[in-house]
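What follows is the content of model-v9.tsv, which has TSV, C-alpha atoms:
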chain	number	residue	atom	x	y	z
P	1	MET	CA	-14.17	16.29	18.99
P	2	PRO	CA	-14.37	14.80	22.52
P	3	ARG	CA	-12.93	11.32	22.91
P	4	GLY	CA	-16.34	9.79	23.66
P	5	ALA	CA	-17.93	11.35	20.59
P	6	ASP	CA	-15.07	10.16	18.39
P	7	ARG	CA	-15.47	6.62	19.72
P	8	LEU	CA	-19.20	6.74	18.98
P	9	ARG	CA	-18.53	7.98	15.46
P	10	ARG	CA	-16.10	5.12	14.80
P	11	LEU	CA	-18.59	2.62	16.19
P	12	LEU	CA	-21.39	3.91	14.00
P	13	THR	CA	-19.34	4.06	10.82
P	14	GLY	CA	-18.03	0.58	11.53
P	15	MET	CA	-21.43	-1.04	11.76
P	16	ILE	CA	-21.89	-4.20	9.75
P	17	LEU	CA	-24.35	-4.35	6.88
P	18	LEU	CA	-26.24	-7.61	7.14
P	19	ALA	CA	-28.70	-9.22	4.77
P	20	ALA	CA	-29.97	-12.65	3.88
P	21	PRO	CA	-29.53	-13.68	0.24
P	22	ALA	CA	-32.15	-15.90	-1.29
P	23	ALA	CA	-30.09	-19.09	-1.37
P	24	TRP	CA	-27.00	-19.19	0.80
P	25	GLY	CA	-25.93	-22.67	-0.33
P	26	ALA	CA	-25.66	-21.64	-3.99
P	27	CYS	CA	-23.84	-18.36	-3.38
P	28	GLN	CA	-20.19	-17.75	-4.12
P	29	GLY	CA	-20.69	-14.30	-2.58
P	30	THR	CA	-23.36	-11.66	-2.11
P	31	VAL	CA	-23.62	-8.23	-3.71
P	32	TYR	CA	-25.96	-5.37	-2.85
P	33	LEU	CA	-27.72	-3.40	-5.58
P	34	THR	CA	-28.60	0.14	-4.51
P	35	PHE	CA	-30.40	2.91	-6.39
P	36	ASP	CA	-30.61	6.64	-5.67
P	37	THR	CA	-33.64	8.52	-6.96
P	38	GLY	CA	-32.04	10.88	-9.47
P	39	SER	CA	-34.23	12.01	-12.38
P	40	MET	CA	-36.48	8.89	-12.23
P	41	SER	CA	-36.37	8.64	-16.04
P	42	GLN	CA	-35.38	4.97	-15.85
P	43	ALA	CA	-37.46	4.09	-12.78
P	44	GLU	CA	-40.01	1.88	-14.54
P	45	LEU	CA	-37.42	0.13	-16.70
P	46	ILE	CA	-35.29	-0.68	-13.65
P	47	ALA	CA	-38.30	-1.92	-11.70
P	48	GLY	CA	-39.21	-4.28	-14.53
P	49	ILE	CA	-35.67	-5.64	-14.80
P	50	LEU	CA	-35.54	-6.32	-11.06
P	51	GLN	CA	-38.94	-8.06	-11.17
P	52	ARG	CA	-38.00	-10.34	-14.06
P	53	ALA	CA	-34.63	-11.19	-12.53
P	54	GLN	CA	-36.21	-11.66	-9.08
P	55	VAL	CA	-33.48	-9.56	-7.55
P	56	PRO	CA	-33.96	-7.38	-4.44
P	57	ALA	CA	-32.43	-3.91	-4.15
P	58	THR	CA	-32.12	-1.08	-1.67
P	59	PHE	CA	-33.50	2.30	-2.78
P	60	PHE	CA	-32.26	5.58	-1.28
P	61	LEU	CA	-34.92	8.27	-1.54
P	62	ALA	CA	-34.59	12.03	-1.94
P	63	ASN	CA	-37.17	14.52	-3.18
P	64	GLU	CA	-35.28	15.17	-6.40
P	65	LYS	CA	-36.78	16.82	-9.47
P	66	THR	CA	-37.82	14.25	-12.06
P	67	VAL	CA	-38.09	14.28	-15.86
P	68	ARG	CA	-41.85	14.71	-15.43
P	69	GLY	CA	-41.30	18.14	-13.85
P	70	ASP	CA	-42.46	16.94	-10.45
P	71	HIS	CA	-40.46	15.46	-7.57
P	72	ALA	CA	-39.68	11.88	-6.61
P	73	LEU	CA	-41.69	12.00	-3.37
P	74	ASP	CA	-44.75	13.74	-4.81
P	75	ASP	CA	-48.10	11.96	-4.74
P	76	ASN	CA	-47.66	11.25	-8.47
P	77	TRP	CA	-45.10	8.60	-7.51
P	78	LYS	CA	-47.24	6.91	-4.87
P	79	ASP	CA	-48.10	3.88	-7.01
P	80	TYR	CA	-44.47	3.44	-8.00
P	81	TRP	CA	-43.18	3.34	-4.42
P	82	ARG	CA	-46.04	1.17	-3.20
P	83	ALA	CA	-45.25	-1.33	-5.96
P	84	ARG	CA	-41.58	-1.42	-4.97
P	85	VAL	CA	-42.59	-2.13	-1.37
P	86	ALA	CA	-44.79	-4.97	-2.63
P	87	ASP	CA	-41.81	-6.31	-4.60
P	88	GLY	CA	-39.91	-6.73	-1.33
P	89	HIS	CA	-37.19	-4.11	-1.76
P	90	ALA	CA	-35.60	-2.14	1.09
P	91	PHE	CA	-35.57	1.65	1.45
P	92	GLY	CA	-33.15	4.14	2.95
P	93	ASN	CA	-32.87	7.91	3.31
P	94	HIS	CA	-31.03	10.10	0.78
P	95	THR	CA	-32.06	13.41	2.46
P	96	TYR	CA	-35.11	15.38	1.35
P	97	SER	CA	-33.31	18.41	-0.10
P	98	HIS	CA	-30.39	16.49	-1.66
P	99	ARG	CA	-27.86	19.08	-0.51
P	100	TYR	CA	-24.18	18.11	-0.67
P	101	LEU	CA	-22.43	18.13	2.71
P	102	ARG	CA	-19.09	19.94	2.47
P	103	LYS	CA	-17.54	20.34	5.93
P	104	ASP	CA	-18.13	20.79	9.64
P	105	LEU	CA	-18.10	24.41	10.80
P	106	ALA	CA	-17.43	26.03	14.13
P	107	GLY	CA	-20.44	26.43	16.37
P	108	GLY	CA	-21.94	23.02	15.66
P	109	LYS	CA	-23.00	23.62	12.07
P	110	VAL	CA	-22.32	21.99	8.71
P	111	LEU	CA	-21.80	23.67	5.34
P	112	ALA	CA	-24.13	22.26	2.65
P	113	VAL	CA	-24.48	23.13	-1.04
P	114	ASP	CA	-27.40	22.36	-3.33
P	115	SER	CA	-27.08	21.34	-6.97
P	116	ALA	CA	-27.73	24.89	-8.18
P	117	GLY	CA	-24.80	26.24	-6.17
P	118	PRO	CA	-26.22	28.20	-3.19
P	119	SER	CA	-24.79	27.19	0.16
P	120	SER	CA	-26.39	27.00	3.58
P	121	GLN	CA	-25.36	26.24	7.13
P	122	LEU	CA	-27.25	23.44	8.87
P	123	ASP	CA	-27.49	22.81	12.57
P	124	GLN	CA	-28.49	19.45	14.03
P	125	ARG	CA	-32.20	20.30	14.09
P	126	ALA	CA	-32.25	21.34	10.41
P	127	PHE	CA	-30.24	18.31	9.35
P	128	CYS	CA	-32.49	15.86	11.18
P	129	LEU	CA	-35.60	17.60	9.86
P	130	ASP	CA	-34.28	17.01	6.34
P	131	LEU	CA	-34.04	13.29	7.04
P	132	LYS	CA	-37.39	13.17	8.83
P	133	ARG	CA	-39.18	14.76	5.86
P	134	VAL	CA	-38.18	11.79	3.69
P	135	GLU	CA	-39.33	9.41	6.42
P	136	GLN	CA	-42.68	11.18	6.70
P	137	ARG	CA	-43.30	11.26	2.95
P	138	PHE	CA	-42.41	7.58	2.55
P	139	ALA	CA	-44.87	6.70	5.30
P	140	GLU	CA	-47.58	8.83	3.69
P	141	LEU	CA	-46.99	7.26	0.27
P	142	THR	CA	-46.60	3.63	1.30
P	143	GLY	CA	-47.64	3.20	4.93
P	144	GLN	CA	-44.17	1.76	5.58
P	145	ARG	CA	-41.06	2.88	7.46
P	146	LEU	CA	-37.57	3.39	6.12
P	147	ALA	CA	-34.71	1.22	7.31
P	148	GLY	CA	-32.17	2.96	9.54
P	149	LEU	CA	-29.90	3.55	6.54
P	150	TRP	CA	-28.93	6.80	4.89
P	151	ARG	CA	-26.70	7.89	2.03
P	152	ALA	CA	-25.42	11.42	1.80
P	153	PRO	CA	-25.71	13.01	-1.65
P	154	GLY	CA	-22.47	12.27	-3.44
P	155	GLY	CA	-21.64	9.83	-0.66
P	156	ARG	CA	-19.81	12.54	1.28
P	157	THR	CA	-20.40	12.84	5.01
P	158	THR	CA	-18.80	14.78	7.85
P	159	GLN	CA	-18.02	13.66	11.40
P	160	GLN	CA	-20.86	15.83	12.66
P	161	THR	CA	-23.49	14.52	10.26
P	162	ILE	CA	-22.62	10.88	11.03
P	163	LEU	CA	-23.40	11.59	14.70
P	164	TRP	CA	-26.48	13.66	13.92
P	165	ALA	CA	-27.94	11.03	11.61
P	166	ALA	CA	-27.53	8.38	14.30
P	167	SER	CA	-29.27	10.60	16.83
P	168	CYS	CA	-32.34	10.95	14.62
P	169	GLY	CA	-32.77	7.32	13.65
P	170	TYR	CA	-30.20	6.61	10.92
P	171	PRO	CA	-27.22	4.86	12.51
P	172	GLN	CA	-25.73	3.46	9.30
P	173	HIS	CA	-24.36	5.47	6.42
P	174	VAL	CA	-24.09	3.47	3.17
P	175	GLY	CA	-21.65	4.47	0.48
P	176	TRP	CA	-20.63	2.14	-2.32
P	177	SER	CA	-17.68	0.01	-3.32
P	178	GLU	CA	-15.13	1.33	-5.80
P	179	ALA	CA	-16.01	-1.48	-8.20
P	180	GLY	CA	-19.70	-0.88	-7.49
P	181	PHE	CA	-19.68	2.61	-9.02
P	182	ILE	CA	-21.30	1.62	-12.31
P	183	GLY	CA	-20.91	5.10	-13.80
P	184	ASP	CA	-24.34	6.37	-14.81
P	185	GLU	CA	-23.26	9.87	-13.73
P	186	LEU	CA	-20.48	9.87	-16.31
P	187	PRO	CA	-21.00	11.32	-19.82
P	188	SER	CA	-22.11	8.65	-22.28
P	189	GLU	CA	-20.05	10.34	-24.99
P	190	THR	CA	-16.84	9.28	-23.23
P	191	HIS	CA	-18.09	6.32	-21.16
P	192	ALA	CA	-20.15	4.02	-23.38
P	193	ASN	CA	-22.58	1.56	-21.82
P	194	SER	CA	-20.66	-1.42	-23.19
P	195	VAL	CA	-17.40	-0.22	-21.61
P	196	LEU	CA	-18.98	0.43	-18.22
P	197	LEU	CA	-20.70	-2.96	-18.25
P	198	LYS	CA	-17.47	-4.78	-19.12
P	199	ARG	CA	-15.62	-2.97	-16.34
P	200	ALA	CA	-18.30	-3.76	-13.77
P	201	LEU	CA	-18.43	-7.46	-14.64
P	202	ALA	CA	-14.65	-7.69	-14.45
P	203	ASN	CA	-14.27	-5.96	-11.08
P	204	ILE	CA	-17.33	-6.55	-8.87
P	205	ARG	CA	-16.77	-9.11	-6.12
P	206	GLY	CA	-18.80	-10.60	-3.31
P	207	GLY	CA	-19.52	-8.04	-0.60
P	208	ASP	CA	-19.57	-5.07	-2.97
P	209	VAL	CA	-22.25	-2.39	-2.75
P	210	ILE	CA	-23.34	-1.40	-6.27
P	211	MET	CA	-24.69	2.10	-6.89
P	212	MET	CA	-26.82	3.38	-9.75
P	213	HIS	CA	-29.59	5.96	-10.13
P	214	LEU	CA	-33.18	5.73	-11.29
P	215	GLY	CA	-32.17	8.19	-13.99
P	216	ILE	CA	-29.57	10.91	-14.59
P	217	HIS	CA	-30.58	14.20	-16.23
P	218	SER	CA	-27.21	14.79	-17.88
P	219	ARG	CA	-26.52	11.37	-19.42
P	220	HIS	CA	-27.71	11.23	-23.02
P	221	ASP	CA	-27.52	7.43	-23.39
P	222	PRO	CA	-29.16	5.99	-20.25
P	223	LEU	CA	-27.18	3.28	-18.52
P	224	ALA	CA	-30.20	1.42	-17.14
P	225	PRO	CA	-30.34	-1.08	-20.06
P	226	VAL	CA	-27.05	-2.61	-18.89
P	227	LEU	CA	-28.68	-3.63	-15.60
P	228	ALA	CA	-30.16	-6.86	-17.01
P	229	PRO	CA	-26.86	-8.17	-18.48
P	230	LEU	CA	-25.03	-6.98	-15.36
P	231	ILE	CA	-27.34	-8.99	-13.10
P	232	GLN	CA	-27.13	-12.05	-15.33
P	233	GLY	CA	-23.36	-11.82	-15.59
P	234	LEU	CA	-22.98	-11.63	-11.80
P	235	LYS	CA	-25.39	-14.54	-11.34
P	236	ASP	CA	-23.35	-16.57	-13.84
P	237	ARG	CA	-20.35	-16.04	-11.55
P	238	GLY	CA	-22.32	-17.48	-8.63
P	239	LEU	CA	-23.07	-14.18	-6.92
P	240	CYS	CA	-26.36	-13.65	-5.08
P	241	PHE	CA	-28.21	-10.40	-4.38
P	242	ALA	CA	-29.56	-9.08	-1.10
P	243	THR	CA	-30.92	-5.92	0.49
P	244	LEU	CA	-29.06	-3.98	3.18
P	245	THR	CA	-30.04	-3.65	6.84
P	246	PRO	CA	-28.17	-1.95	9.69
P	247	ALA	CA	-26.99	-4.06	12.61
P	248	VAL	CA	-24.86	-3.19	15.60
P	249	PRO	CA	-22.06	-5.71	16.17

Could you show the structure in this file as structure tokens?
Amino acid sequence: MPRGADRLRRLLTGMILLAAPAAWGACQGTVYLTFDTGSMSQAELIAGILQRAQVPATFFLANEKTVRGDHALDDNWKDYWRARVADGHAFGNHTYSHRYLRKDLAGGKVLAVDSAGPSSQLDQRAFCLDLKRVEQRFAELTGQRLAGLWRAPGGRTTQQTILWAASCGYPQHVGWSEAGFIGDELPSETHANSVLLKRALANIRGGDVIMMHLGIHSRHDPLAPVLAPLIQGLKDRGLCFATLTPAVP
């Protein structure tokens, strides 16, 4: 990669995530709840918990297949997304196709794999189109724009996709903190809700980005019910909650 491009990549990946928590004076630190679309099976439950706790979150949207047999950005979900906008949450891009980015290839392409296994090679135009489709659907559903934030499926990026995303309006990639991986992708048979909740409360610190999904197809015992005690436990430790926004230093 040319020296100038490498410098730009480091600048973009080093951008600061800024947000304003509800009450700075009372905060012993700020954490950032984030949710990827997933199966949407727990979407309503999570929305209700956030409303009752008066906690803002950042949602990362992809057009994933839901438990209803439709997709998360279909018109059937219009009321849901409009209600989350009204609740004051923030929204980022999780790519329309939810393909996993594997590696940069020669010739300016990137190897991507979908959840069913087939692979494809994306150039910059195809990659940006995948992001723009989410942006367009969100605008059609809610009349609002996404923040300039994106999260690659699985959290895995490449040098090329970091630069491409910035070029098409998404300068900040958002992963998650090690302690912020709550574990709803893990099998409930070996990772019980009570164990994952205890681990999260013990390890999450101010500044951490917390990641969950609005539902996981493969988990038999949904993890969403631990969200309420997780929020309360973090509040009891003096932690505040805020949404994420990109900002150039």

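Of the listed residues (P:Ala26, P:Ala112, P:Pro153, P:Arg84), P:Pro153 comes nearest to P:Asn63; the distances count only C-alpha atoms.
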
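Distances from P:Ser97, P:Thr161, P:Gln172, P:Thr37 to P:Leu244 were compared using all atoms listed in the file, and the smallest one belongs to P:Gln172.
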
Requested in this report: State, in Å with one decimal place, the distance from atom CA of P:Gly183 to atom CA of P:Leu223.
Outcome: 8.1 Å

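Atom CA of P:Gln54 to atom CA of P:His220 spans 28.1 Å [interatomic distance, one decimal].
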
Query raised in the report: Neighbours of P:Gly38 within 10 Å (all atoms listed in the file; same-chain residues fewer than 6 positions away dropped), as an NGL selection string?
Result: :P and (60-67 or 71-72 or 98 or 185 or 212-217)

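Remark: for P:Arg102, the closest of the candidate residues P:Leu146, P:Gln159, P:Arg133, P:Thr58 is P:Gln159 (distances computed over all atoms listed in the file).
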
Query - Distance criterion (all atoms listed in the file): nearest to P:Leu197 out of P:Leu234, P:Ala152, P:Val174, P:Val209 - result: P:Leu234

Requested in this report: Tell me, as JSON, numbers by chain, which residues lie within 12 Å of P:Arg137, counting only C-alpha atoms; anything in the same chain fewer than 5 positions away does not count.
Outcome: {"P": [61, 62, 63, 71, 72, 73, 74, 75, 77, 78, 81, 93, 95, 96, 130, 131, 132, 142, 143, 144, 145, 146]}

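Here atom CA of P:Gly206 stands at a distance of 14.7 Å from atom CA of P:Gln232.
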
Report summary line: Using all atoms listed in the file, the residue out of P:Ala90, P:Leu122, P:Leu149, P:Ile182 with shortest distance to P:Leu105 is P:Leu122

Query raised in the report: Which residues, written as a list of chain:residue names, have at least one atom at most 9 Å from P:His89, with all atoms listed in the file counted and residues fewer than 5 positions away on the same chain left out?
Result: P:Val55, P:Pro56, P:Ala57, P:Thr58, P:Phe59, P:Arg84, P:Thr243

Given the selection you just returned, output its residues as a file containing C-alpha atoms, formatted as a PDB file, keeping the file's coordinate frame.
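Result went into out-v6.pdb, see below:
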ATOM      1  CA  VAL P  55     -33.480  -9.560  -7.550  1.00  0.00           C
ATOM      2  CA  PRO P  56     -33.960  -7.380  -4.440  1.00  0.00           C
ATOM      3  CA  ALA P  57     -32.430  -3.910  -4.150  1.00  0.00           C
ATOM      4  CA  THR P  58     -32.120  -1.080  -1.670  1.00  0.00           C
ATOM      5  CA  PHE P  59     -33.500   2.300  -2.780  1.00  0.00           C
ATOM      6  CA  ARG P  84     -41.580  -1.420  -4.970  1.00  0.00           C
ATOM      7  CA  THR P 243     -30.920  -5.920   0.490  1.00  0.00           C
TER       8      THR P 243
END

Query raised in the report: Out of P:Ala116, P:Leu50, P:Leu186, P:Val31, which residue has the shortest atom-to-atom distance to P:Leu227 when counting all atoms listed in the file?
Result: P:Leu50

Query - Residues near P:Ala200, cut-off 12 Å, all atoms listed in the file, skip fewer than 2 positions along chain, as a ChimeraX atom specification - result: /P:177-184,193-198,202-205,208-212,226-227,229-231,233-234
